[in-house]
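Data from query-v6.pdb: PDB, C-alpha atoms
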ATOM      1  CA  THR A  27      13.249   2.557 -12.043  1.00  0.00           C
ATOM      2  CA  ALA A  28      11.458   0.157  -9.740  1.00  0.00           C
ATOM      3  CA  ILE A  29       9.179   2.906  -8.455  1.00  0.00           C
ATOM      4  CA  GLY A  30       8.369   4.051 -11.992  1.00  0.00           C
ATOM      5  CA  HIS A  31       7.498   0.481 -12.956  1.00  0.00           C
ATOM      6  CA  ASN A  32       5.333   0.062  -9.865  1.00  0.00           C
ATOM      7  CA  LEU A  33       3.288   3.132 -10.840  1.00  0.00           C
ATOM      8  CA  SER A  34       2.896   2.064 -14.455  1.00  0.00           C
ATOM      9  CA  PRO A  35      -0.696   2.046 -15.747  1.00  0.00           C
ATOM     10  CA  THR A  36      -0.208  -1.619 -16.669  1.00  0.00           C
ATOM     11  CA  ASN A  37       0.531  -2.580 -13.050  1.00  0.00           C
ATOM     12  CA  PRO A  38      -2.625  -4.153 -11.515  1.00  0.00           C
ATOM     13  CA  ALA A  39      -2.037  -2.261  -8.253  1.00  0.00           C
ATOM     14  CA  THR A  40      -2.346   1.028 -10.098  1.00  0.00           C
ATOM     15  CA  SER A  41      -5.995   0.281 -10.821  1.00  0.00           C
ATOM     16  CA  GLY A  42      -6.715  -0.092  -7.104  1.00  0.00           C
ATOM     17  CA  ILE A  43      -4.882   3.118  -6.312  1.00  0.00           C
ATOM     18  CA  ARG A  44      -6.723   4.971  -9.061  1.00  0.00           C
ATOM     19  CA  LYS A  45     -10.076   3.723  -7.759  1.00  0.00           C
ATOM     20  CA  ALA A  46      -9.123   4.739  -4.229  1.00  0.00           C
ATOM     21  CA  THR A  47      -8.278   8.273  -5.345  1.00  0.00           C
ATOM     22  CA  ILE A  48     -11.633   8.539  -7.104  1.00  0.00           C
ATOM     23  CA  ASN A  49     -13.799   6.806  -4.483  1.00  0.00           C
ATOM     24  CA  ALA A  50     -12.194   7.909  -1.205  1.00  0.00           C
ATOM     25  CA  THR A  51     -14.142  10.059   1.184  1.00  0.00           C
ATOM     26  CA  SER A  52     -12.462  13.040   2.843  1.00  0.00           C
ATOM     27  CA  ASP A  53     -11.976  10.962   5.991  1.00  0.00           C
ATOM     28  CA  GLN A  54     -10.415   8.114   4.018  1.00  0.00           C
ATOM     29  CA  ARG A  55      -8.045  10.540   2.288  1.00  0.00           C
ATOM     30  CA  ARG A  56      -6.938  11.927   5.646  1.00  0.00           C
ATOM     31  CA  GLN A  57      -6.495   8.404   7.002  1.00  0.00           C
ATOM     32  CA  VAL A  58      -4.374   7.311   4.024  1.00  0.00           C
ATOM     33  CA  GLY A  59      -2.222  10.433   4.393  1.00  0.00           C
ATOM     34  CA  ALA A  60      -1.722   9.904   8.127  1.00  0.00           C
ATOM     35  CA  LEU A  61      -0.910   6.223   7.660  1.00  0.00           C
ATOM     36  CA  CYS A  62       1.576   7.076   4.916  1.00  0.00           C
ATOM     37  CA  ASP A  63       3.302   9.513   7.297  1.00  0.00           C
ATOM     38  CA  MET A  64       3.424   6.821   9.992  1.00  0.00           C
ATOM     39  CA  LEU A  65       4.868   4.291   7.539  1.00  0.00           C
ATOM     40  CA  LEU A  66       7.609   6.669   6.443  1.00  0.00           C
ATOM     41  CA  ILE A  67       8.497   7.430  10.063  1.00  0.00           C
ATOM     42  CA  GLU A  68       8.907   3.704  10.762  1.00  0.00           C
ATOM     43  CA  VAL A  69      11.000   3.168   7.641  1.00  0.00           C
ATOM     44  CA  ASP A  70      13.202   6.221   8.239  1.00  0.00           C
ATOM     45  CA  SER A  71      13.811   5.203  11.856  1.00  0.00           C
ATOM     46  CA  GLY A  72      14.880   1.690  10.880  1.00  0.00           C
ATOM     47  CA  ARG A  73      12.113   0.127  12.960  1.00  0.00           C
ATOM     48  CA  PRO A  74       9.988  -2.766  11.701  1.00  0.00           C
ATOM     49  CA  TRP A  75       7.599  -1.315   9.149  1.00  0.00           C
ATOM     50  CA  ARG A  76       5.360  -4.194   8.034  1.00  0.00           C
ATOM     51  CA  LYS A  77       2.485  -3.389  10.414  1.00  0.00           C
ATOM     52  CA  ALA A  78       2.434   0.263   9.285  1.00  0.00           C
ATOM     53  CA  ASP A  79       2.718  -0.825   5.646  1.00  0.00           C
ATOM     54  CA  HIS A  80      -0.215  -3.203   6.057  1.00  0.00           C
ATOM     55  CA  ALA A  81      -2.344  -0.456   7.646  1.00  0.00           C
ATOM     56  CA  PHE A  82      -1.470   2.049   4.900  1.00  0.00           C
ATOM     57  CA  HIS A  83      -2.229  -0.306   2.033  1.00  0.00           C
ATOM     58  CA  GLY A  84      -5.321  -1.613   3.830  1.00  0.00           C
ATOM     59  CA  ALA A  85      -6.696   1.926   3.945  1.00  0.00           C
ATOM     60  CA  ILE A  86      -6.100   2.280   0.196  1.00  0.00           C
ATOM     61  CA  TYR A  87      -7.860  -1.062  -0.310  1.00  0.00           C
ATOM     62  CA  ASP A  88     -10.846   0.092   1.762  1.00  0.00           C
ATOM     63  CA  ALA A  89     -11.108   3.314  -0.244  1.00  0.00           C
ATOM     64  CA  SER A  90     -10.802   1.500  -3.577  1.00  0.00           C
ATOM     65  CA  GLY A  91     -13.798  -0.756  -3.004  1.00  0.00           C
ATOM     66  CA  ASN A  92     -12.008  -3.296  -5.210  1.00  0.00           C
ATOM     67  CA  PRO A  93     -11.752  -6.835  -3.779  1.00  0.00           C
ATOM     68  CA  MET A  94      -9.096  -7.717  -6.383  1.00  0.00           C
ATOM     69  CA  TYR A  95      -6.792  -5.070  -4.901  1.00  0.00           C
ATOM     70  CA  GLY A  96      -7.088  -6.805  -1.536  1.00  0.00           C
ATOM     71  CA  GLN A  97      -6.042 -10.122  -3.077  1.00  0.00           C
ATOM     72  CA  LEU A  98      -3.128  -8.430  -4.821  1.00  0.00           C
ATOM     73  CA  LEU A  99      -2.012  -6.919  -1.500  1.00  0.00           C
ATOM     74  CA  ARG A 100      -2.089 -10.306   0.203  1.00  0.00           C
ATOM     75  CA  ASN A 101      -0.050 -11.882  -2.587  1.00  0.00           C
ATOM     76  CA  LEU A 102       2.541  -9.101  -2.572  1.00  0.00           C
ATOM     77  CA  ASP A 103       2.820  -9.174   1.204  1.00  0.00           C
ATOM     78  CA  GLN A 104       3.392 -12.939   1.182  1.00  0.00           C
ATOM     79  CA  ALA A 105       6.017 -12.604  -1.552  1.00  0.00           C
ATOM     80  CA  LEU A 106       7.862  -9.862   0.341  1.00  0.00           C
ATOM     81  CA  GLU A 107       7.778 -11.878   3.538  1.00  0.00           C
ATOM     82  CA  ARG A 108       9.156 -14.974   1.809  1.00  0.00           C
ATOM     83  CA  SER A 109      11.899 -13.014   0.060  1.00  0.00           C
ATOM     84  CA  GLY A 110      12.983 -11.138   3.179  1.00  0.00           C
ATOM     85  CA  SER A 111      13.488  -8.047   0.989  1.00  0.00           C
ATOM     86  CA  SER A 112      12.246  -4.529   1.490  1.00  0.00           C
ATOM     87  CA  PRO A 113      10.820  -2.126  -1.076  1.00  0.00           C
ATOM     88  CA  PHE A 114      12.474   0.646   0.942  1.00  0.00           C
ATOM     89  CA  ASN A 115      16.097  -0.349   0.425  1.00  0.00           C
TER      90      ASN A 115
END

Show the structure stored in the file as structure tokens.
Amino acid sequence: TAIGHNLSPTNPATSGIRKATINATSDQRRQVGALCDMLLIEVDSGRPWRKADHAFHGAIYDASGNPMYGQLLRNLDQALERSGSSPFN
């Protein structure tokens, strides 16, 4: 599945997520959880979700301490915007 592929250990984003889970402070973990909840509310309601998605992934980036993850996020965001597709469909 697409989700299974996205979580594959060979996916570069997985490294950033792994680092975030190891490096995150308690406050960062709470923030990521709250932002994930907010993102899912936006998606489930059918409202625009990009701002919430950016905040959620930005919090993971901050917790990861990995500048490469930030570049990956920017590239993925630009690709999604150009394609007009949604990972939530």

Residues of range 41-60 of chain A that have any atom at most 8 Å from an atom of range 77-88 of chain A: could you tabulate them with the shortest-distance atom pair and the distance in Å to one decimal, using all atoms listed in the file, ordered by chain and increasing number, as JSON lines?
{"residue": "A:Gly42", "atom": "CA", "partner": "A:Tyr87", "partner_atom": "CA", "distance": 7.0}
{"residue": "A:Ile43", "atom": "CA", "partner": "A:Ile86", "partner_atom": "CA", "distance": 6.7}
{"residue": "A:Ala46", "atom": "CA", "partner": "A:Ile86", "partner_atom": "CA", "distance": 5.9}
{"residue": "A:Gln54", "atom": "CA", "partner": "A:Ala85", "partner_atom": "CA", "distance": 7.2}
{"residue": "A:Gln57", "atom": "CA", "partner": "A:Ala85", "partner_atom": "CA", "distance": 7.2}
{"residue": "A:Val58", "atom": "CA", "partner": "A:Ala85", "partner_atom": "CA", "distance": 5.9}

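Note that CA of Ala50 in chain A and CA of Ser90 in chain A are 7.0 Å apart.
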
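Considering all atoms listed in the file, the residue among A:Asn101, A:Met94, A:Ala89, A:Ser109 positioned nearest to Asp53 in chain A is A:Ala89.
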
Using all atoms listed in the file, find all polymer residues with an atom at most 10 Å away from the point (5.6, -1.2, -1.7); report them as a PDB file with C-alpha atoms, in the frame of the given file.
ATOM      1  CA  ILE A  29       9.179   2.906  -8.455  1.00  0.00           C
ATOM      2  CA  ASN A  32       5.333   0.062  -9.865  1.00  0.00           C
ATOM      3  CA  ASP A  79       2.718  -0.825   5.646  1.00  0.00           C
ATOM      4  CA  HIS A  80      -0.215  -3.203   6.057  1.00  0.00           C
ATOM      5  CA  HIS A  83      -2.229  -0.306   2.033  1.00  0.00           C
ATOM      6  CA  LEU A  99      -2.012  -6.919  -1.500  1.00  0.00           C
ATOM      7  CA  LEU A 102       2.541  -9.101  -2.572  1.00  0.00           C
ATOM      8  CA  ASP A 103       2.820  -9.174   1.204  1.00  0.00           C
ATOM      9  CA  LEU A 106       7.862  -9.862   0.341  1.00  0.00           C
ATOM     10  CA  SER A 112      12.246  -4.529   1.490  1.00  0.00           C
ATOM     11  CA  PRO A 113      10.820  -2.126  -1.076  1.00  0.00           C
ATOM     12  CA  PHE A 114      12.474   0.646   0.942  1.00  0.00           C
TER      13      PHE A 114
END

note = Here CA of Ser71 in chain A and CA of Ser52 in chain A stand apart by 28.9 Å

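Distance-wise, CA of Glu107 in chain A and CA of Leu66 in chain A end up 18.8 Å apart.
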
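Remark: for Trp75 in chain A, the closest of the candidate residues A:Thr47, A:Leu61, A:Arg55, A:Tyr95 is A:Leu61 (distances computed over only C-alpha atoms).
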
As a CSV table (one decimal), in the frame of the given file, the rebuilt range 59-70 of chain A with all heavy atoms:
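Once written, rebuild_2.csv looks like this:
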chain,number,residue,atom,x,y,z
A,59,GLY,N,-3.3,9.5,4.2
A,59,GLY,CA,-2.2,10.4,4.4
A,59,GLY,C,-1.5,10.2,5.7
A,59,GLY,O,-0.3,10.2,5.8
A,60,ALA,N,-2.3,10.1,6.8
A,60,ALA,CA,-1.7,9.9,8.1
A,60,ALA,C,-1.0,8.6,8.2
A,60,ALA,O,0.1,8.5,8.8
A,60,ALA,CB,-2.8,10.0,9.2
A,61,LEU,N,-1.6,7.5,7.6
A,61,LEU,CA,-0.9,6.2,7.7
A,61,LEU,C,0.4,6.2,6.8
A,61,LEU,O,1.3,5.5,7.2
A,61,LEU,CB,-1.9,5.1,7.2
A,61,LEU,CG,-3.0,4.9,8.2
A,61,LEU,CD1,-4.1,4.0,7.5
A,61,LEU,CD2,-2.5,4.2,9.5
A,62,CYS,N,0.4,7.0,5.7
A,62,CYS,CA,1.6,7.1,4.9
A,62,CYS,C,2.7,7.8,5.7
A,62,CYS,O,3.8,7.3,5.7
A,62,CYS,CB,1.3,7.9,3.6
A,62,CYS,SG,2.7,8.1,2.6
A,63,ASP,N,2.3,8.8,6.4
A,63,ASP,CA,3.3,9.5,7.3
A,63,ASP,C,3.9,8.6,8.3
A,63,ASP,O,5.1,8.5,8.6
A,63,ASP,CB,2.7,10.7,8.0
A,63,ASP,CG,2.4,11.9,7.0
A,63,ASP,OD1,2.9,11.9,5.9
A,63,ASP,OD2,1.5,12.7,7.4
A,64,MET,N,3.0,7.8,9.0
A,64,MET,CA,3.4,6.8,10.0
A,64,MET,C,4.4,5.8,9.4
A,64,MET,O,5.4,5.4,10.0
A,64,MET,CB,2.2,6.2,10.7
A,64,MET,CG,1.4,7.1,11.5
A,64,MET,SD,-0.2,6.5,12.1
A,64,MET,CE,0.3,5.0,12.9
A,65,LEU,N,4.0,5.3,8.2
A,65,LEU,CA,4.9,4.3,7.5
A,65,LEU,C,6.3,4.9,7.3
A,65,LEU,O,7.3,4.2,7.6
A,65,LEU,CB,4.2,3.8,6.2
A,65,LEU,CG,5.0,2.9,5.3
A,65,LEU,CD1,5.5,1.7,6.0
A,65,LEU,CD2,4.3,2.6,4.0
A,66,LEU,N,6.3,6.1,6.8
A,66,LEU,CA,7.6,6.7,6.4
A,66,LEU,C,8.4,6.9,7.7
A,66,LEU,O,9.7,6.8,7.7
A,66,LEU,CB,7.4,8.0,5.7
A,66,LEU,CG,6.8,7.8,4.3
A,66,LEU,CD1,6.5,9.1,3.6
A,66,LEU,CD2,7.7,6.9,3.4
A,67,ILE,N,7.8,7.3,8.8
A,67,ILE,CA,8.5,7.4,10.1
A,67,ILE,C,9.1,6.1,10.5
A,67,ILE,O,10.3,6.1,10.9
A,67,ILE,CB,7.5,8.0,11.1
A,67,ILE,CG1,7.2,9.4,10.9
A,67,ILE,CG2,8.1,7.8,12.5
A,67,ILE,CD1,6.1,10.0,11.7
A,68,GLU,N,8.4,5.0,10.4
A,68,GLU,CA,8.9,3.7,10.8
A,68,GLU,C,10.1,3.3,9.9
A,68,GLU,O,11.1,2.9,10.4
A,68,GLU,CB,7.8,2.6,10.7
A,68,GLU,CG,6.7,2.8,11.7
A,68,GLU,CD,7.2,2.9,13.1
A,68,GLU,OE1,7.8,1.9,13.5
A,68,GLU,OE2,6.8,3.8,13.8
A,69,VAL,N,9.9,3.5,8.6
A,69,VAL,CA,11.0,3.2,7.6
A,69,VAL,C,12.2,4.0,7.9
A,69,VAL,O,13.4,3.5,8.0
A,69,VAL,CB,10.5,3.4,6.2
A,69,VAL,CG1,11.7,3.2,5.2
A,69,VAL,CG2,9.4,2.3,5.8
A,70,ASP,N,12.1,5.3,8.0
A,70,ASP,CA,13.2,6.2,8.2
A,70,ASP,C,13.9,6.0,9.5
A,70,ASP,O,15.1,6.2,9.7
A,70,ASP,CB,12.8,7.7,8.2
A,70,ASP,CG,12.4,8.1,6.8
A,70,ASP,OD1,12.7,7.4,5.8
A,70,ASP,OD2,11.7,9.2,6.7
